[in-house]
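Okay, entry-v7.cif now, which holds mmCIF, C-alpha atoms:
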data_model
loop_
_atom_site.label_atom_id
_atom_site.label_comp_id
_atom_site.auth_asym_id
_atom_site.auth_seq_id
_atom_site.Cartn_x
_atom_site.Cartn_y
_atom_site.Cartn_z
CA MET A 40 31.10 -49.96 -6.35
CA THR A 41 32.41 -53.32 -5.20
CA THR A 42 30.48 -55.29 -2.60
CA CYS A 43 31.45 -58.60 -1.03
CA LYS A 44 29.15 -61.35 0.19
CA ARG A 45 30.27 -63.11 3.35
CA SER A 46 29.21 -66.15 5.32
CA ASN A 47 30.69 -66.90 8.73
CA LYS A 48 33.21 -64.11 8.09
CA LYS A 49 34.45 -65.82 4.87
CA VAL A 50 34.17 -64.03 1.51
CA LEU A 51 32.00 -65.92 -0.98
CA SER A 52 32.10 -63.48 -3.89
CA CYS A 53 32.61 -59.86 -4.89
CA SER A 54 30.66 -57.94 -7.52
CA ASP A 55 30.15 -54.41 -8.80
CA THR A 56 26.81 -52.75 -8.09
CA THR A 57 25.37 -49.49 -9.40
CA PRO A 58 25.62 -46.91 -6.62
CA THR A 59 22.81 -44.56 -5.72
CA VAL A 60 23.37 -40.82 -5.37
CA GLY A 61 22.86 -41.15 -1.64
CA ASN A 62 25.52 -43.84 -1.43
CA ILE A 63 27.95 -41.70 -3.39
CA PHE A 64 27.51 -38.74 -1.06
CA ARG A 65 27.80 -40.95 2.02
CA ALA A 66 30.98 -42.42 0.60
CA VAL A 67 32.37 -38.97 -0.17
CA ILE A 68 31.60 -37.73 3.33
CA ALA A 69 33.16 -40.82 4.85
CA LEU A 70 36.29 -40.44 2.76
CA LEU A 71 36.57 -36.75 3.53
CA SER A 72 36.38 -37.49 7.25
CA ILE A 73 39.23 -39.98 6.80
CA THR A 74 41.44 -37.88 4.57
CA THR A 75 41.07 -34.67 6.57
CA ALA A 76 41.64 -36.28 9.96
CA GLY A 77 45.39 -36.06 9.59
CA ALA A 78 45.46 -32.81 7.62
CA ALA A 79 47.76 -30.05 8.80
CA ASP A 80 45.09 -27.32 8.57
CA THR A 81 42.53 -26.83 11.34
CA THR A 82 39.13 -25.65 10.12
CA SER A 83 35.67 -24.82 11.37
CA GLN A 84 32.67 -23.44 9.51
CA ALA A 85 29.14 -22.22 10.08
CA GLN A 86 26.33 -20.68 8.05
CA TRP A 87 24.87 -17.35 9.11
CA THR A 88 21.30 -18.32 8.31
CA ILE A 89 18.68 -15.91 7.06
CA THR A 90 16.23 -17.18 9.67
CA SER A 91 18.64 -16.02 12.40
CA GLY A 92 18.96 -12.58 10.82
CA GLY A 93 22.02 -13.37 8.71
CA ASN A 94 22.85 -13.20 5.03
CA GLY A 95 22.79 -16.93 4.28
CA HIS A 96 26.54 -16.98 3.69
CA LEU A 97 28.90 -19.70 4.88
CA TYR A 98 32.01 -18.72 6.85
CA ARG A 99 35.04 -20.98 7.24
CA VAL A 100 38.04 -20.30 9.44
CA VAL A 101 41.29 -22.00 8.47
CA ALA A 102 44.38 -22.25 10.69
CA LYS A 103 47.71 -23.20 9.14
CA PRO A 104 50.56 -25.02 10.89
CA ASN A 105 52.77 -21.97 10.28
CA LEU A 106 52.46 -18.23 9.69
CA ILE A 107 50.52 -17.11 6.62
CA SER A 108 50.62 -13.74 4.89
CA TRP A 109 47.47 -11.86 3.93
CA ASP A 110 48.33 -12.30 0.24
CA ALA A 111 48.65 -16.08 0.65
CA ALA A 112 45.43 -16.26 2.66
CA ASN A 113 43.64 -14.22 0.00
CA ALA A 114 44.87 -16.58 -2.71
CA GLU A 115 43.77 -19.66 -0.75
CA ALA A 116 40.32 -18.17 -0.12
CA THR A 117 39.90 -17.52 -3.86
CA LEU A 118 41.09 -21.03 -4.71
CA ALA A 119 38.49 -22.44 -2.30
CA GLY A 120 35.76 -20.61 -4.24
CA GLY A 121 35.20 -17.80 -1.74
CA TYR A 122 36.94 -14.64 -0.57
CA LEU A 123 38.41 -13.27 2.63
CA ALA A 124 35.48 -12.24 4.80
CA THR A 125 34.11 -8.73 4.30
CA ILE A 126 32.46 -7.67 7.55
CA THR A 127 30.00 -4.83 7.17
CA SER A 128 27.93 -4.78 10.37
CA PRO A 129 28.22 -5.39 14.12
CA SER A 130 25.99 -8.46 13.85
CA GLU A 131 28.15 -10.00 11.12
CA ASN A 132 31.27 -9.27 13.14
CA ALA A 133 29.72 -10.93 16.19
CA PHE A 134 28.80 -14.01 14.16
CA VAL A 135 32.29 -14.36 12.69
CA PHE A 136 33.84 -13.93 16.12
CA SER A 137 31.63 -16.70 17.50
CA LEU A 138 33.16 -18.96 14.85
CA ILE A 139 36.79 -18.00 15.51
CA ASP A 140 36.62 -17.71 19.31
CA ASN A 141 38.91 -20.69 19.77
CA PRO A 142 42.60 -20.68 20.74
CA ALA A 143 43.37 -22.92 17.73
CA PHE A 144 42.89 -19.87 15.47
CA TRP A 145 44.85 -17.33 17.53
CA THR A 146 48.45 -16.68 18.54
CA GLN A 147 49.02 -15.29 22.01
CA SER A 148 52.14 -13.15 22.45
CA ALA A 149 52.05 -9.95 24.47
CA ASN A 150 48.74 -9.54 22.62
CA ASP A 151 46.35 -12.03 21.04
CA HIS A 152 46.42 -12.23 17.23
CA GLY A 153 43.49 -13.70 15.30
CA PRO A 154 42.56 -14.51 11.69
CA TRP A 155 42.90 -12.39 8.60
CA ILE A 156 39.78 -10.85 7.03
CA GLY A 157 39.41 -9.10 3.69
CA GLY A 158 40.30 -5.50 4.59
CA PHE A 159 43.36 -3.75 3.14
CA GLN A 160 44.83 -0.35 2.32
CA PRO A 161 45.81 0.33 -1.30
CA PRO A 162 49.27 1.87 -1.78
CA GLY A 163 49.32 5.63 -1.26
CA SER A 164 46.47 5.70 1.26
CA SER A 165 46.61 8.34 3.98
CA GLU A 166 47.79 6.87 7.28
CA PRO A 167 46.74 5.42 9.52
CA SER A 168 43.01 5.23 8.82
CA GLY A 169 42.56 6.36 5.21
CA GLY A 170 41.68 4.29 2.18
CA TRP A 171 40.62 1.08 3.88
CA THR A 172 38.62 -1.15 1.53
CA TRP A 173 37.31 -4.70 1.21
CA VAL A 174 38.33 -7.30 -1.33
CA THR A 175 35.95 -7.50 -4.28
CA GLN A 176 33.70 -10.52 -4.18
CA PRO A 177 33.74 -12.93 -7.16
CA GLY A 178 31.39 -11.67 -9.88
CA ALA A 179 31.03 -8.18 -8.34
CA SER A 180 32.07 -5.07 -10.23
CA SER A 181 33.27 -3.26 -7.11
CA ALA A 182 34.01 -3.85 -3.45
CA GLU A 183 31.46 -3.35 -0.69
CA THR A 184 31.59 0.03 1.01
CA PHE A 185 33.94 0.11 3.99
CA SER A 186 31.36 1.69 6.27
CA TYR A 187 31.85 -0.43 9.38
CA ALA A 188 34.98 -1.17 11.40
CA ASN A 189 35.65 -2.55 14.86
CA TRP A 190 39.19 -1.42 15.63
CA GLU A 191 40.86 -2.23 18.92
CA ALA A 192 41.63 0.89 20.97
CA GLY A 193 44.65 2.63 19.44
CA GLU A 194 44.22 0.86 16.09
CA PRO A 195 44.95 1.24 13.26
CA ASN A 196 48.36 2.59 14.21
CA ASN A 197 50.34 1.91 11.01
CA LEU A 198 53.55 0.65 12.55
CA THR A 199 56.43 0.54 10.08
CA ALA A 200 59.49 -1.66 9.73
CA THR A 201 62.50 -1.59 7.45
CA VAL A 202 63.94 -4.80 6.03
CA LEU A 203 67.05 -4.69 3.82
CA GLY A 204 66.41 -1.05 3.06
CA THR A 205 62.72 -1.50 2.18
CA SER A 206 60.06 0.12 4.38
CA TYR A 207 56.86 -1.81 5.14
CA ASN A 208 53.57 -0.51 6.56
CA GLN A 209 50.80 -2.32 8.39
CA ASP A 210 48.09 -2.30 5.73
CA ARG A 211 46.01 -5.49 6.17
CA ILE A 212 43.28 -6.31 8.73
CA SER A 213 43.12 -9.18 11.18
CA PHE A 214 41.29 -9.83 14.43
CA PHE A 215 43.33 -8.65 17.40
CA HIS A 216 43.05 -8.06 21.12
CA SER A 217 45.47 -5.99 23.16
CA GLY A 218 46.74 -8.09 26.08
CA SER A 219 45.63 -11.63 26.82
CA GLY A 220 42.39 -13.20 25.66
CA ARG A 221 40.40 -13.04 22.45
CA ALA A 222 38.02 -10.28 21.32
CA ALA A 223 36.00 -9.27 18.27
CA THR A 224 38.24 -6.25 17.62
CA TRP A 225 40.62 -5.60 14.71
CA SER A 226 44.12 -4.35 14.04
CA ASP A 227 46.16 -3.36 11.03
CA GLU A 228 49.03 -5.81 10.50
CA TYR A 229 52.00 -6.36 8.24
CA ASN A 230 51.07 -8.43 5.21
CA LEU A 231 54.38 -10.28 4.98
CA VAL A 232 55.45 -12.72 7.66
CA GLY A 233 58.72 -13.16 9.51
CA SER A 234 60.78 -10.98 11.82
CA PRO A 235 60.51 -8.01 12.13
CA LEU A 236 57.20 -8.06 10.21
CA ASN A 237 54.18 -10.27 10.93
CA GLN A 238 55.21 -12.92 13.44
CA TRP A 239 51.75 -13.97 14.66
CA THR A 240 49.00 -14.56 12.09
CA ILE A 241 48.29 -18.23 11.34
CA SER A 242 44.67 -18.19 10.18
CA TYR A 243 42.05 -16.54 7.97
CA VAL A 244 38.28 -16.45 7.45
CA ILE A 245 36.72 -17.35 4.09
CA GLU A 246 33.24 -16.14 3.18
CA PHE A 247 31.11 -18.02 0.64
CA ASN A 248 28.00 -16.40 -0.81
CA SER A 249 26.42 -19.86 -1.11
CA ILE A 250 27.17 -23.29 0.30
CA PRO A 251 30.07 -24.61 -1.80
CA GLU A 252 29.47 -27.98 -3.43
CA PRO A 253 32.13 -30.40 -4.66
CA SER A 254 32.71 -30.23 -8.40
CA ALA A 255 31.75 -33.17 -10.62
CA ALA A 256 35.44 -33.95 -11.15
CA ALA A 257 36.06 -33.95 -7.40
CA LEU A 258 33.09 -36.25 -6.79
CA LEU A 259 34.28 -38.68 -9.45
CA PHE A 260 37.79 -38.66 -8.03
CA LEU A 261 36.59 -39.23 -4.48
CA PHE A 262 34.15 -41.91 -5.58
CA GLY A 263 36.99 -43.65 -7.41
CA LEU A 264 39.10 -43.60 -4.25
CA VAL A 265 36.26 -45.08 -2.22
CA ALA A 266 35.74 -47.85 -4.79
CA LEU A 267 39.48 -48.56 -4.84
CA ARG A 268 39.61 -48.82 -1.05
CA ARG A 269 36.74 -51.32 -1.13
CA ARG A 270 38.41 -53.42 -3.83
CA VAL A 271 41.62 -53.54 -1.84
CA ALA A 272 39.74 -54.49 1.32
CA CYS A 273 37.82 -57.20 -0.53
CA ALA A 274 41.03 -58.60 -2.05
CA LYS A 275 42.60 -58.82 1.42
CA ASP A 276 39.51 -60.63 2.75
CA LYS A 277 39.84 -63.27 0.02
CA ARG A 278 43.38 -64.21 1.09
#
Please express the file's structure as structure tokens.
Amino acid sequence: MTTCKRSNKKVLSCSDTTPTVGNIFRAVIALLSITTAGAADTTSQAQWTITSGGNGHLYRVVAKPNLISWDAANAEATLAGGYLATITSPSENAFVFSLIDNPAFWTQSANDHGPWIGGFQPPGSSEPSGGWTWVTQPGASSAETFSYANWEAGEPNNLTATVLGTSYNQDRISFFHSGSGRAATWSDEYNLVGSPLNQWTISYVIEFNSIPEPSAAALLFLFGLVALRRRVACAKDKR
């Protein structure tokens, strides 16, 4: 890491010093706060701690600048090292809703449409309420049992639409509230986006079984960026 010695605001010299682990993490955090400030995605996260009766998992809600399909959200959750949230109890549902209860993560039309979670219907399931299942968590041999649901009144209703001769069913789960305002209830929605399919969903909830840590490669990359920024700043000060 490059440090510069100054006297009366003039640079006397610059030299490399060996950074401590604490300095590296502080630099990473500082850089992340800078680089994410202008990012297009809006995010929020919270851990459902064991001491509060939770499972110790971390939940992150991500809102995109545009519509996102369930498939795309599922892929992004996997890429982030987690999975679309699998909600298996009223208390877990309440915790997740407390995280997403923000207009930034919802789209208000005639109804209010919230984030995707990890529920879906495999092809051939009986409609409207048969076959619902959760995504399989990384490292698990099978999905959690779909024993809990918090459907909005009248849901799931399996609306269908035909586009260019192909029929589509509502077979993915998102948070939803009939009418105005947000609620912790769910609806089945079209996976694909665009008229006349899903025209509302912009966000999704990722669940992590443990607190994700940056990889060694990511830390080295970010540390390199921090060092480069300091070198550039020091060079400007010398002018």
Per residue of range 151-261 of chain A within 12 Å of range 105-113 of chain A, note the shortest atom pair and the distance in Å to one decimal, counting only C-alpha atoms, and order the rows by chain and increasing residue number, as JSON lines.
{"residue": "A:His152", "atom": "CA", "partner": "A:Leu106", "partner_atom": "CA", "distance": 11.4}
{"residue": "A:Gly153", "atom": "CA", "partner": "A:Leu106", "partner_atom": "CA", "distance": 11.5}
{"residue": "A:Pro154", "atom": "CA", "partner": "A:Trp109", "partner_atom": "CA", "distance": 9.6}
{"residue": "A:Trp155", "atom": "CA", "partner": "A:Trp109", "partner_atom": "CA", "distance": 6.6}
{"residue": "A:Ile156", "atom": "CA", "partner": "A:Trp109", "partner_atom": "CA", "distance": 8.4}
{"residue": "A:Gly157", "atom": "CA", "partner": "A:Asn113", "partner_atom": "CA", "distance": 7.6}
{"residue": "A:Gly158", "atom": "CA", "partner": "A:Trp109", "partner_atom": "CA", "distance": 9.6}
{"residue": "A:Phe159", "atom": "CA", "partner": "A:Trp109", "partner_atom": "CA", "distance": 9.1}
{"residue": "A:Gln160", "atom": "CA", "partner": "A:Trp109", "partner_atom": "CA", "distance": 11.9}
{"residue": "A:Trp173", "atom": "CA", "partner": "A:Asn113", "partner_atom": "CA", "distance": 11.5}
{"residue": "A:Val174", "atom": "CA", "partner": "A:Asn113", "partner_atom": "CA", "distance": 8.8}
{"residue": "A:Thr175", "atom": "CA", "partner": "A:Asn113", "partner_atom": "CA", "distance": 11.1}
{"residue": "A:Gln176", "atom": "CA", "partner": "A:Asn113", "partner_atom": "CA", "distance": 11.4}
{"residue": "A:Gln209", "atom": "CA", "partner": "A:Trp109", "partner_atom": "CA", "distance": 11.0}
{"residue": "A:Asp210", "atom": "CA", "partner": "A:Trp109", "partner_atom": "CA", "distance": 9.7}
{"residue": "A:Arg211", "atom": "CA", "partner": "A:Trp109", "partner_atom": "CA", "distance": 6.9}
{"residue": "A:Ile212", "atom": "CA", "partner": "A:Trp109", "partner_atom": "CA", "distance": 8.4}
{"residue": "A:Ser213", "atom": "CA", "partner": "A:Trp109", "partner_atom": "CA", "distance": 8.9}
{"residue": "A:Asp227", "atom": "CA", "partner": "A:Trp109", "partner_atom": "CA", "distance": 11.2}
{"residue": "A:Glu228", "atom": "CA", "partner": "A:Trp109", "partner_atom": "CA", "distance": 9.1}
{"residue": "A:Tyr229", "atom": "CA", "partner": "A:Ser108", "partner_atom": "CA", "distance": 8.2}
{"residue": "A:Asn230", "atom": "CA", "partner": "A:Trp109", "partner_atom": "CA", "distance": 5.1}
{"residue": "A:Leu231", "atom": "CA", "partner": "A:Ser108", "partner_atom": "CA", "distance": 5.1}
{"residue": "A:Val232", "atom": "CA", "partner": "A:Ser108", "partner_atom": "CA", "distance": 5.7}
{"residue": "A:Gly233", "atom": "CA", "partner": "A:Leu106", "partner_atom": "CA", "distance": 8.1}
{"residue": "A:Ser234", "atom": "CA", "partner": "A:Leu106", "partner_atom": "CA", "distance": 11.2}
{"residue": "A:Leu236", "atom": "CA", "partner": "A:Ser108", "partner_atom": "CA", "distance": 10.2}
{"residue": "A:Asn237", "atom": "CA", "partner": "A:Ser108", "partner_atom": "CA", "distance": 7.8}
{"residue": "A:Gln238", "atom": "CA", "partner": "A:Leu106", "partner_atom": "CA", "distance": 7.1}
{"residue": "A:Trp239", "atom": "CA", "partner": "A:Leu106", "partner_atom": "CA", "distance": 6.6}
{"residue": "A:Thr240", "atom": "CA", "partner": "A:Leu106", "partner_atom": "CA", "distance": 5.6}
{"residue": "A:Ile241", "atom": "CA", "partner": "A:Leu106", "partner_atom": "CA", "distance": 4.5}
{"residue": "A:Ser242", "atom": "CA", "partner": "A:Ile107", "partner_atom": "CA", "distance": 6.9}
{"residue": "A:Tyr243", "atom": "CA", "partner": "A:Ala112", "partner_atom": "CA", "distance": 6.3}
{"residue": "A:Val244", "atom": "CA", "partner": "A:Ala112", "partner_atom": "CA", "distance": 8.6}
{"residue": "A:Ile245", "atom": "CA", "partner": "A:Asn113", "partner_atom": "CA", "distance": 8.6}
{"residue": "A:Glu246", "atom": "CA", "partner": "A:Asn113", "partner_atom": "CA", "distance": 11.0}
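Picture a line from CA of Gly95 in chain A to CA of Phe134 in chain A; it runs 11.9 Å.
Among the candidates A:Ser226, A:Pro177, A:Asn196, A:Ser91, the residue lying nearest to Thr117 in chain A is A:Pro177 (atoms considered: only C-alpha atoms).
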Counting only C-alpha atoms, which residues of range 138-253 of chain A sit at most 9 Å from some atom of range 80-87 of chain A, and what is each one's closest atom pair with its distance in Å to one decimal, listed by chain and rising residue number, as a tab-separated table?
residue	atom	partner	partner_atom	distance
A:Leu138	CA	A:Gln84	CA	7.0
A:Ile139	CA	A:Ser83	CA	8.1
A:Ala143	CA	A:Thr81	CA	7.5
A:Phe144	CA	A:Thr81	CA	8.1
A:Ser242	CA	A:Thr81	CA	9.0
A:Ile250	CA	A:Gln86	CA	8.2
Practice item. Tell me, in Å to one decimal, how far CA of Ala192 in chain A is from CA of Ala102 in chain A. Key: 25.5 Å
Check your understanding: Which residue gives the smallest distance to Tyr122 in chain A among A:Asn141, A:Asn197, A:Asn248, A:Asn150, with all atoms listed in the file counted?
Key -> A:Asn248
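If you look at CA of Ala188 in chain A and CA of Ser130 in chain A, they are 11.8 Å away from each other.
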Review point. Looking at A:Pro167, A:Gly120, A:Gly218, A:Pro161, which one is nearest to Ser249 in chain A, with distances taken over all atoms listed in the file?
Key: A:Gly120
Practice item. Could you expand the PyMOL selection byres ((chain A and resi 189) around 6) into the explicit residues it covers here, written as an MDAnalysis selection string? Key: chainID A and resid 188 190 224:225
**Study point:** Thr201 in chain A surroundings by all atoms listed in the file, 9 Å radius, close-in-sequence under 3 positions cut, as an NGL selection string
**Key:** :A and (204-207 or 235-236)
Study note, to complete from the structure: If you count all atoms listed in the file, the residue of A:Gln147, A:Tyr98, A:Gly193, A:Thr184 closest to Leu123 in chain A turns out to be A:Tyr98
Exercise for review: Could you tell me which residues the PyMOL selection byres ((chain A and resi 185) around 7) grabs in this file, written as a PyMOL selection string?
Suggested key: chain A and resi 171-173+183-184+186-187
Coordinates of box centre and edge lengths for range 225-235 of chain A, 4 Å on every side, axis-aligned, as AutoDock Vina command-line options:
--center_x 50.7 --center_y -8.3 --center_z 9.8 --size_x 28.2 --size_y 17.8 --size_z 17.7
Practice item. Skip Arg221 in chain A itself and residues of its chain fewer than 4 positions away, then list as a PyMOL selection string all residues within 7 Å of it, counting all atoms listed in the file. Key: chain A and resi 140+151+216
